[in-house]
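File shown: work_32.csv (CSV, C-alpha atoms).
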chain,number,residue,atom,x,y,z
A,230,SER,CA,-31.1,-35.4,2.8
A,231,GLN,CA,-29.2,-37.7,5.1
A,232,GLN,CA,-29.2,-41.4,4.5
A,233,GLY,CA,-29.2,-42.2,8.2
A,234,GLU,CA,-31.2,-40.6,11.0
A,235,GLU,CA,-30.3,-41.2,14.6
A,236,ASP,CA,-32.7,-41.2,17.5
A,237,PRO,CA,-32.7,-39.7,20.1
A,238,GLN,CA,-30.8,-36.6,19.1
A,239,ALA,CA,-29.5,-36.3,22.7
A,240,LEU,CA,-29.3,-38.7,25.6
A,241,SER,CA,-28.2,-38.1,29.2
A,242,ILE,CA,-27.7,-41.0,31.6
A,243,GLN,CA,-25.8,-41.8,34.8
A,244,GLU,CA,-22.6,-43.7,34.9
A,245,GLY,CA,-23.2,-47.4,35.0
A,246,GLU,CA,-26.5,-47.3,33.1
A,247,ASN,CA,-27.0,-48.6,29.6
A,248,ALA,CA,-27.3,-46.3,26.6
A,249,THR,CA,-29.3,-47.2,23.5
A,250,MET,CA,-29.3,-45.2,20.3
A,251,ASN,CA,-31.1,-46.0,17.0
A,252,CYS,CA,-30.4,-45.4,13.4
A,253,SER,CA,-32.7,-45.6,10.5
A,254,TYR,CA,-31.7,-45.5,6.8
A,255,LYS,CA,-33.5,-45.3,3.5
A,256,THR,CA,-31.9,-47.5,0.9
A,257,SER,CA,-30.3,-50.9,0.6
A,258,ILE,CA,-26.8,-51.3,2.1
A,259,ASN,CA,-23.9,-53.7,2.2
A,260,ASN,CA,-23.0,-52.8,5.7
A,261,LEU,CA,-23.6,-50.2,8.4
A,262,GLN,CA,-21.0,-48.6,10.6
A,263,TRP,CA,-21.0,-46.7,13.9
A,264,TYR,CA,-18.5,-44.0,14.7
A,265,ARG,CA,-17.8,-41.9,17.8
A,266,GLN,CA,-16.7,-38.3,18.0
A,267,ASN,CA,-15.4,-36.6,21.0
A,268,SER,CA,-16.2,-32.9,21.1
A,269,GLY,CA,-14.7,-31.1,18.1
A,270,ARG,CA,-12.4,-34.0,17.2
A,271,GLY,CA,-12.2,-36.5,14.4
A,272,LEU,CA,-14.4,-39.5,14.3
A,273,VAL,CA,-13.3,-42.9,15.5
A,274,HIS,CA,-14.7,-46.1,14.0
A,275,LEU,CA,-16.4,-48.4,16.5
A,276,ILE,CA,-18.0,-51.3,14.7
A,277,LEU,CA,-19.1,-52.5,11.3
A,278,ILE,CA,-22.0,-54.8,10.8
A,279,ARG,CA,-22.7,-56.5,7.5
A,280,SER,CA,-26.1,-56.8,5.9
A,281,ASN,CA,-26.2,-60.5,6.5
A,282,GLU,CA,-25.5,-60.1,10.2
A,283,ARG,CA,-28.1,-59.4,12.8
A,284,GLU,CA,-26.0,-58.7,15.9
A,285,LYS,CA,-22.4,-57.9,16.6
A,286,HIS,CA,-20.5,-57.3,19.8
A,287,SER,CA,-17.3,-55.5,20.6
A,288,GLY,CA,-16.4,-55.1,24.3
A,289,ARG,CA,-19.3,-53.1,25.9
A,290,LEU,CA,-20.9,-52.4,22.5
A,291,ARG,CA,-23.7,-54.3,21.0
A,292,VAL,CA,-25.0,-53.5,17.5
A,293,THR,CA,-28.1,-54.9,15.9
A,294,LEU,CA,-29.2,-54.6,12.3
A,295,ASP,CA,-32.7,-55.2,11.0
A,296,THR,CA,-32.6,-54.9,7.2
A,297,SER,CA,-36.3,-55.4,6.9
A,298,LYS,CA,-37.0,-52.3,9.0
A,299,LYS,CA,-33.9,-50.5,7.7
A,300,SER,CA,-32.7,-49.8,11.2
A,301,SER,CA,-29.9,-50.4,13.5
A,302,SER,CA,-29.3,-49.9,17.2
A,303,LEU,CA,-26.1,-49.3,19.2
A,304,LEU,CA,-26.2,-50.4,22.9
A,305,ILE,CA,-23.4,-49.3,25.2
A,306,THR,CA,-23.5,-51.3,28.5
A,307,ALA,CA,-22.3,-50.1,31.9
A,308,SER,CA,-21.6,-46.6,30.5
A,309,ARG,CA,-18.7,-44.5,31.8
A,310,ALA,CA,-18.1,-40.8,31.8
A,311,ALA,CA,-15.5,-41.3,29.1
A,312,ASP,CA,-18.3,-42.5,26.8
A,313,THR,CA,-19.6,-39.0,26.6
A,314,ALA,CA,-19.4,-38.2,22.9
A,315,SER,CA,-21.5,-38.0,19.7
A,316,TYR,CA,-22.3,-41.3,18.0
A,317,PHE,CA,-23.0,-41.5,14.3
A,318,CYS,CA,-24.2,-44.3,12.0
A,319,ALA,CA,-22.9,-44.4,8.5
A,320,THR,CA,-23.9,-46.3,5.3
A,321,VAL,CA,-23.2,-46.3,1.6
A,322,PRO,CA,-26.6,-45.9,0.0
A,323,GLY,CA,-27.0,-48.2,-2.9
A,324,ASN,CA,-24.1,-48.1,-5.3
A,325,THR,CA,-23.2,-44.4,-4.7
A,326,GLY,CA,-19.9,-45.2,-3.2
A,327,LYS,CA,-20.3,-42.4,-0.7
A,328,LEU,CA,-20.2,-43.1,3.0
A,329,ILE,CA,-23.0,-40.9,4.4
A,330,PHE,CA,-23.4,-40.1,8.0
A,331,GLY,CA,-26.5,-39.5,10.1
A,332,GLN,CA,-27.0,-36.5,12.2
A,333,GLY,CA,-25.8,-38.3,15.3
A,334,THR,CA,-26.8,-38.9,18.9
A,335,THR,CA,-25.1,-36.8,21.6
A,336,LEU,CA,-24.6,-38.9,24.7
A,337,GLN,CA,-23.8,-37.4,28.1
A,338,VAL,CA,-22.8,-39.8,30.8
A,339,LYS,CA,-22.8,-38.1,34.2
A,340,PRO,CA,-20.4,-39.4,36.9
B,156,LYS,CA,1.8,-46.4,12.3
B,157,ALA,CA,1.1,-42.7,12.0
B,158,GLY,CA,-2.5,-41.6,11.8
B,159,VAL,CA,-4.2,-39.2,9.4
B,160,THR,CA,-2.6,-35.8,9.6
B,161,GLN,CA,-4.5,-32.6,8.8
B,162,THR,CA,-3.0,-29.2,8.6
B,163,PRO,CA,-3.5,-26.5,9.6
B,164,ARG,CA,-5.6,-27.4,12.6
B,165,TYR,CA,-7.1,-23.9,13.0
B,166,LEU,CA,-7.4,-21.0,10.6
B,167,ILE,CA,-9.2,-17.7,10.3
B,168,LYS,CA,-10.0,-16.2,7.0
B,169,THR,CA,-12.1,-13.3,5.8
B,170,ARG,CA,-14.9,-13.4,3.2
B,171,GLY,CA,-13.7,-13.6,-0.4
B,172,GLN,CA,-10.4,-15.2,0.5
B,173,GLN,CA,-9.5,-18.7,-0.4
B,174,VAL,CA,-8.1,-21.5,1.7
B,175,THR,CA,-6.2,-24.7,1.1
B,176,LEU,CA,-6.3,-27.6,3.6
B,177,SER,CA,-4.0,-30.5,3.6
B,178,CYS,CA,-4.4,-34.2,4.5
B,179,SER,CA,-1.8,-36.9,4.8
B,180,PRO,CA,-3.5,-40.4,4.9
B,181,ILE,CA,-2.3,-43.5,6.7
B,182,SER,CA,0.6,-45.1,4.9
B,183,GLY,CA,-0.8,-47.6,2.3
B,184,HIS,CA,-4.3,-46.0,2.2
B,185,ARG,CA,-5.1,-44.9,-1.3
B,186,SER,CA,-8.5,-43.4,-0.7
B,187,VAL,CA,-9.0,-40.0,0.9
B,188,SER,CA,-12.5,-38.6,1.7
B,189,TRP,CA,-13.4,-35.1,2.8
B,190,TYR,CA,-16.3,-34.0,5.0
B,191,GLN,CA,-17.6,-30.7,6.2
B,192,GLN,CA,-19.2,-30.6,9.6
B,193,THR,CA,-21.4,-27.8,10.9
B,194,PRO,CA,-23.8,-27.7,13.8
B,195,GLY,CA,-26.7,-27.1,11.4
B,196,GLN,CA,-26.0,-29.5,8.6
B,197,GLY,CA,-24.0,-32.2,10.4
B,198,LEU,CA,-21.5,-34.2,8.5
B,199,GLN,CA,-21.7,-33.5,4.7
B,200,PHE,CA,-19.7,-35.5,2.2
B,201,LEU,CA,-17.5,-33.3,0.0
B,202,PHE,CA,-15.6,-35.7,-2.2
B,203,GLU,CA,-13.5,-38.8,-2.4
B,204,TYR,CA,-10.2,-39.3,-4.2
B,205,PHE,CA,-8.6,-42.6,-5.1
B,206,SER,CA,-5.3,-42.9,-7.0
B,207,GLU,CA,-5.3,-39.2,-7.9
B,208,THR,CA,-8.8,-39.3,-9.4
B,209,GLN,CA,-12.0,-37.9,-7.9
B,210,ARG,CA,-14.2,-40.9,-7.6
B,211,ASN,CA,-17.2,-39.3,-5.8
B,212,LYS,CA,-18.5,-35.9,-5.2
B,213,GLY,CA,-21.1,-34.4,-2.8
B,214,ASN,CA,-23.5,-31.6,-3.4
B,215,PHE,CA,-21.2,-28.6,-3.0
B,216,PRO,CA,-20.7,-25.7,-5.3
B,217,GLY,CA,-17.7,-25.5,-7.6
B,218,ARG,CA,-15.9,-23.2,-5.1
B,219,PHE,CA,-15.0,-26.5,-3.3
B,220,SER,CA,-12.3,-28.5,-5.1
B,221,GLY,CA,-9.7,-31.0,-4.2
B,222,ARG,CA,-6.9,-33.0,-5.6
B,223,GLN,CA,-4.8,-36.0,-4.7
B,224,PHE,CA,-1.1,-36.5,-5.3
B,225,SER,CA,0.8,-39.6,-6.3
B,226,ASN,CA,1.8,-40.2,-2.7
B,227,SER,CA,-2.0,-40.2,-1.7
B,228,ARG,CA,-1.7,-36.9,0.1
B,229,SER,CA,-4.7,-34.7,-0.6
B,230,GLU,CA,-5.6,-31.1,-0.5
B,231,MET,CA,-8.9,-29.3,-0.7
B,232,ASN,CA,-9.4,-25.7,-1.7
B,233,VAL,CA,-12.3,-23.4,-1.0
B,234,SER,CA,-12.3,-20.2,-3.1
B,235,THR,CA,-14.3,-17.0,-2.5
B,236,LEU,CA,-15.0,-17.9,1.1
B,237,GLU,CA,-18.4,-17.2,2.6
B,238,LEU,CA,-19.5,-16.9,6.2
B,239,GLY,CA,-21.3,-20.2,5.8
B,240,ASP,CA,-18.1,-22.0,5.0
B,241,SER,CA,-17.1,-21.8,8.6
B,242,ALA,CA,-16.9,-25.4,9.7
B,243,LEU,CA,-14.8,-28.3,10.8
B,244,TYR,CA,-13.3,-30.0,7.7
B,245,LEU,CA,-12.5,-33.6,8.2
B,246,CYS,CA,-10.3,-35.8,6.1
B,247,ALA,CA,-10.4,-39.6,6.3
B,248,SER,CA,-8.5,-42.3,4.6
B,249,SER,CA,-9.2,-45.9,3.8
B,250,LEU,CA,-7.5,-48.8,2.0
B,251,SER,CA,-9.6,-48.8,-1.1
B,252,GLY,CA,-12.4,-46.4,-0.8
B,253,THR,CA,-15.9,-46.1,0.6
B,254,GLY,CA,-17.4,-47.8,-2.4
B,255,ASN,CA,-15.7,-51.1,-1.5
B,256,PRO,CA,-18.1,-52.8,1.0
B,257,GLY,CA,-15.3,-55.0,2.3
B,258,ALA,CA,-12.8,-52.2,3.1
B,259,ASN,CA,-14.6,-49.0,3.6
B,260,VAL,CA,-13.8,-48.3,7.2
B,261,LEU,CA,-12.6,-44.7,7.5
B,262,THR,CA,-9.8,-43.4,9.7
B,263,PHE,CA,-10.3,-39.7,10.4
B,264,GLY,CA,-7.9,-36.9,11.1
B,265,ALA,CA,-8.5,-34.4,13.9
B,266,GLY,CA,-9.9,-31.9,11.4
B,267,SER,CA,-9.2,-28.3,10.3
B,268,ARG,CA,-11.4,-25.8,11.9
B,269,LEU,CA,-12.0,-22.9,9.6
B,270,THR,CA,-13.6,-19.6,10.7
B,271,VAL,CA,-14.6,-17.1,8.1
B,272,LEU,CA,-15.1,-13.5,9.3
This entry written out as structure tokens:
Amino acid sequence: SQQGEEDPQALSIQEGENATMNCSYKTSINNLQWYRQNSGRGLVHLILIRSNEREKHSGRLRVTLDTSKKSSSLLITASRAADTASYFCATVPGNTGKLIFGQGTTLQVKP
Amino acid sequence: KAGVTQTPRYLIKTRGQQVTLSCSPISGHRSVSWYQQTPGQGLQFLFEYFSETQRNKGNFPGRFSGRQFSNSRSEMNVSTLELGDSALYLCASSLSGTGNPGANVLTFGAGSRLTVL
């Protein structure tokens, strides 16, 4: 089973609106990462948040991490059509050494 | 700095055949990971190689194998292809591997899309 599960599975918004997607995971982690994938392409790393951090910003991205609830959220502010993509969270469960991805949230930003 | 290069980008095979996919990591990256992506199963971890050794393995049958060369380039092989092996195969490299919490950010290639008929 997947370590991370994203919610919602799909999200459709208008350009300029904010998009929020959530990720829940099952076991202890050292850090959590978010990646973006444009249709049928490779993934691109967006941001990494460490287990001792609660919030991190990168441009229009804001990531939060709540280790007590084993959950993270990715907020994209002032979305653009170019943000249309699938977004995945990824973690290394315990000491497995394997970076495991969630099922992803598909975001559509309408112009 | 060149990115992660995967070849071939597209290929079509028939059931029972075998396929070899190649991945050239970013210069200096010693870890290469492989993932299978399908609409139904999402991104599934196949294996990770570091310094020519398989360090981690996912839950795939023995038909899926890989190797890494001394220059960190990696290949994966799928033998006796099945229809369900149709997928986008993604390779990713990192400095020291996904088990290192300080340096496990992956850089992905564009993928090899395999269609099995």
May I ask you to extract the residues of chain B within 10 Å of chain A, using all atoms listed in the file, and to give them as a count of residues only? 39
Excluding Gln243 in chain A and any residue of its chain fewer than 2 positions from it, enumerate the residues within 10 Å of it, using only C-alpha atoms, and give them as a short mmCIF file (atom, residue, chain, number, x, y, z; two decimals) with C-alpha atoms, in the frame of the given file.
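Below you can see part.cif, which holds the result:
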data_model
loop_
_atom_site.label_atom_id
_atom_site.label_comp_id
_atom_site.auth_asym_id
_atom_site.auth_seq_id
_atom_site.Cartn_x
_atom_site.Cartn_y
_atom_site.Cartn_z
CA SER A 241 -28.20 -38.10 29.20
CA GLY A 245 -23.20 -47.40 35.00
CA GLU A 246 -26.50 -47.30 33.10
CA ASN A 247 -27.00 -48.60 29.60
CA ALA A 248 -27.30 -46.30 26.60
CA ALA A 307 -22.30 -50.10 31.90
CA SER A 308 -21.60 -46.60 30.50
CA ARG A 309 -18.70 -44.50 31.80
CA ALA A 310 -18.10 -40.80 31.80
CA GLN A 337 -23.80 -37.40 28.10
CA VAL A 338 -22.80 -39.80 30.80
CA LYS A 339 -22.80 -38.10 34.20
CA PRO A 340 -20.40 -39.40 36.90
#
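Minimum distance to Ser234 in chain B across B:Ser186, B:Ser177, B:Gln172, B:Ser251 (counting all atoms listed in the file) occurs at B:Gln172.
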Quick one: residues within 7 Å of Ala239 in chain A, only C-alpha atoms, excluding same-chain residues fewer than 3 positions away - as a PDB file with C-alpha atoms, keeping the file's coordinate frame?
ATOM      1  CA  THR A 334     -26.800 -38.900  18.900  1.00  0.00           C
ATOM      2  CA  THR A 335     -25.100 -36.800  21.600  1.00  0.00           C
ATOM      3  CA  LEU A 336     -24.600 -38.900  24.700  1.00  0.00           C
TER       4      LEU A 336
END
Report the distance between CA of Pro237 in chain A and CA of Asn251 in chain A in Å, rounded to one decimal place. 7.2 Å
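Going from CA of Thr169 in chain B over to CA of Gln223 in chain B, you cover 26.1 Å.
Put simply, CA of Glu244 in chain A is 20.1 Å away from CA of Val292 in chain A.
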